[in-house]
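**Student:** I am attaching a structure below and will ask some questions about it afterwards.
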Amino acid sequence: MLSDDDVDEIVFKAAGNGDHRGAAATLETLAERPAAHSKTVTRASLLVDAGSQYGLAEDWNEATRCYRAAVADGGACPIDPRAWLHDGLLRSGQTEQAGSLRAELKAAKSGDPGVYEAVAESLEEAGLLEDAHTWFTMGYHRCERAPVPDFLLDLLLVGRRRVRMALGHPSDALDEVAEDYMETVGG
C-alpha cells in the first residue's frame, strides 16, 4: 500500500530534477491501481497530486483534467479538490467556470480553512484582490469556531493582511492578530 512518504518521494524527486510531467504520469498510473491505495492515499488524492505536478509544468489543461477526475471520484483528499479545480480553471482562463465553482464552494460552507486559503490565494494570484480579501475573511469567520489548529486560522489572517495591504486598506483588529502571529513565528 502507498504511504504519504511514497507520494512525497515522487514529488520531491520531481522538484529536484524538474520532471513534473513524469511525476504527474506516475501519480496518474498509481491512481488507477486501487489495490495500492490506503486510507490517506486515495485515487482522488493521487489525481490532485498529479494535477499539481501538471500545474508546476504550466500545463493547466492537464491539471484541470486531473482535478475534474478527482472531484468526480469523490474520494478522500486533504482539501476539497474543487479548490484546486478552481485554481486550474482560473489559470487556464476559464473564469466563468471558476466563478460558478466558487459559488458552489461558498454555498458548501466548509469548515476547512485550507479550502478558503486555496481559493483566496488563487484569486490573489489572478489579481482579483477584492475577491481574495473576501475569501480570506470569510474563511476566518466560518472556521474560527471549527475544531482546527489555530495556526491555520492565523494563516488565513496573514493572507488577508497581505491582500489588504496591497489594496491600501487601513489596518484593523484582525490585521493585528496576523502581525502578532508573524512576530511569533519570525515572519
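In the C-alpha cells, each chain is lettered A, B, ... as it comes, each chain's residues begin at 1, and ligands are numbered from 1 in order of appearance.
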Write down as an MDAnalysis selection string the residues of range 61-137 of chain A whose backbone DSSP state falls under alpha helix (DSSP H).

**Tutor:** chainID A and resid 61:73 81:91 95:108 113:125 129:137

**Student:** List as a PyMOL selection string the protein and nucleic acid residues near Leu47 in chain A, meaning an atom at most 10 Å away when only C-alpha atoms are counted, but skip any in the same chain fewer than 5 places from it.

**Tutor:** chain A and resi 24-25+27-32+42+52-53+63+65-71+73+77+81

**Student:** Could you give me, as a VMD selection string, the residues within 12 Å of Glu125 in chain A, counting only C-alpha atoms and dropping anything in the same chain fewer than 6 positions from it?

**Tutor:** chain A and resid 87 to 88 90 to 91 117 to 119 131 to 132 159 163

**Student:** Point out the residue among A:Thr40, A:Arg142, A:Pro34, A:Asp19 with the least atom-to-atom distance to Val7 in chain A, counting only C-alpha atoms.

**Tutor:**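 Distance minimum relative to Val7 in chain A lands on A:Thr40.
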
**Student:** Can you list, as a PyMOL selection string, every protein, DNA or RNA residue that comes within 10 Å of Pro78 in chain A when you count only C-alpha atoms, leaving out same-chain residues fewer than 2 positions away?

**Tutor:** chain A and resi 40-41+44-45+48+76+80-81+112+114-115

**Student:** If you count only C-alpha atoms, which residues fall within 12 Å of Glu104 in chain A, apart from same-chain ones fewer than 3 positions away, as an mmCIF file with N, CA, C and O atoms, in the first residue's frame?

**Tutor:**
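Contents of result_36.cif, freshly written:
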data_model
loop_
_atom_site.group_PDB
_atom_site.id
_atom_site.type_symbol
_atom_site.label_atom_id
_atom_site.label_comp_id
_atom_site.auth_asym_id
_atom_site.auth_seq_id
_atom_site.Cartn_x
_atom_site.Cartn_y
_atom_site.Cartn_z
ATOM 1 N N ASP A 80 -10.670 19.740 -0.172
ATOM 2 C CA ASP A 80 -11.669 19.533 -1.218
ATOM 3 C C ASP A 80 -11.042 19.810 -2.587
ATOM 4 O O ASP A 80 -10.548 20.919 -2.842
ATOM 5 N N ARG A 82 -12.204 20.546 -5.283
ATOM 6 C CA ARG A 82 -12.813 21.660 -6.026
ATOM 7 C C ARG A 82 -12.002 22.943 -5.853
ATOM 8 O O ARG A 82 -11.984 23.794 -6.754
ATOM 9 N N ALA A 83 -11.312 23.076 -4.729
ATOM 10 C CA ALA A 83 -10.465 24.259 -4.534
ATOM 11 C C ALA A 83 -9.329 24.275 -5.547
ATOM 12 O O ALA A 83 -8.971 25.331 -6.081
ATOM 13 N N HIS A 86 -10.741 24.957 -9.032
ATOM 14 C CA HIS A 86 -10.950 26.399 -9.168
ATOM 15 C C HIS A 86 -9.655 27.083 -9.619
ATOM 16 O O HIS A 86 -9.656 27.910 -10.528
ATOM 17 N N GLN A 97 -16.336 29.511 -15.532
ATOM 18 C CA GLN A 97 -16.463 28.233 -14.829
ATOM 19 C C GLN A 97 -15.885 28.332 -13.423
ATOM 20 O O GLN A 97 -16.432 27.764 -12.472
ATOM 21 N N ALA A 98 -14.782 29.066 -13.283
ATOM 22 C CA ALA A 98 -14.182 29.254 -11.956
ATOM 23 C C ALA A 98 -15.156 29.996 -11.048
ATOM 24 O O ALA A 98 -15.306 29.647 -9.875
ATOM 25 N N GLY A 99 -15.828 31.000 -11.577
ATOM 26 C CA GLY A 99 -16.806 31.752 -10.788
ATOM 27 C C GLY A 99 -17.968 30.873 -10.341
ATOM 28 O O GLY A 99 -18.425 30.969 -9.195
ATOM 29 N N SER A 100 -18.443 30.009 -11.223
ATOM 30 C CA SER A 100 -19.532 29.084 -10.861
ATOM 31 C C SER A 100 -19.083 28.129 -9.769
ATOM 32 O O SER A 100 -19.827 27.857 -8.817
ATOM 33 N N LEU A 101 -17.875 27.627 -9.905
ATOM 34 C CA LEU A 101 -17.348 26.702 -8.905
ATOM 35 C C LEU A 101 -17.144 27.417 -7.564
ATOM 36 O O LEU A 101 -17.415 26.862 -6.502
ATOM 37 N N ALA A 107 -21.322 28.162 -1.152
ATOM 38 C CA ALA A 107 -22.582 27.605 -0.650
ATOM 39 C C ALA A 107 -22.359 26.372 0.225
ATOM 40 O O ALA A 107 -23.166 26.090 1.111
ATOM 41 N N ALA A 108 -21.251 25.666 0.004
ATOM 42 C CA ALA A 108 -20.961 24.455 0.788
ATOM 43 C C ALA A 108 -20.607 24.782 2.239
ATOM 44 O O ALA A 108 -20.694 23.921 3.106
ATOM 45 N N LYS A 109 -20.175 26.005 2.509
ATOM 46 C CA LYS A 109 -19.848 26.473 3.867
ATOM 47 C C LYS A 109 -18.902 25.521 4.605
ATOM 48 O O LYS A 109 -19.138 25.113 5.730
ATOM 49 N N SER A 110 -17.817 25.208 3.957
ATOM 50 C CA SER A 110 -16.821 24.302 4.530
ATOM 51 C C SER A 110 -16.281 24.834 5.855
ATOM 52 O O SER A 110 -16.179 26.045 6.053
ATOM 53 N N VAL A 119 -8.587 28.909 -2.349
ATOM 54 C CA VAL A 119 -9.379 29.755 -3.249
ATOM 55 C C VAL A 119 -8.877 31.194 -3.195
ATOM 56 O O VAL A 119 -8.674 31.838 -4.232
#

**Student:** Provide the CA of Gln94 in chain A to CA of Trp60 in chain A distance in Å, to one decimal place.

**Tutor:**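 CA of Trp60 in chain A lies at a distance of 10.5 Å from CA of Gln94 in chain A.
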
**Student:** Using only C-alpha atoms, pick whichever of A:Met182, A:His133, A:Tyr54, A:Gly18 has the shortest atom-to-atom distance to Gly168 in chain A.

**Tutor:**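 Using only C-alpha atoms, Gly168 in chain A sits closest to A:His133.
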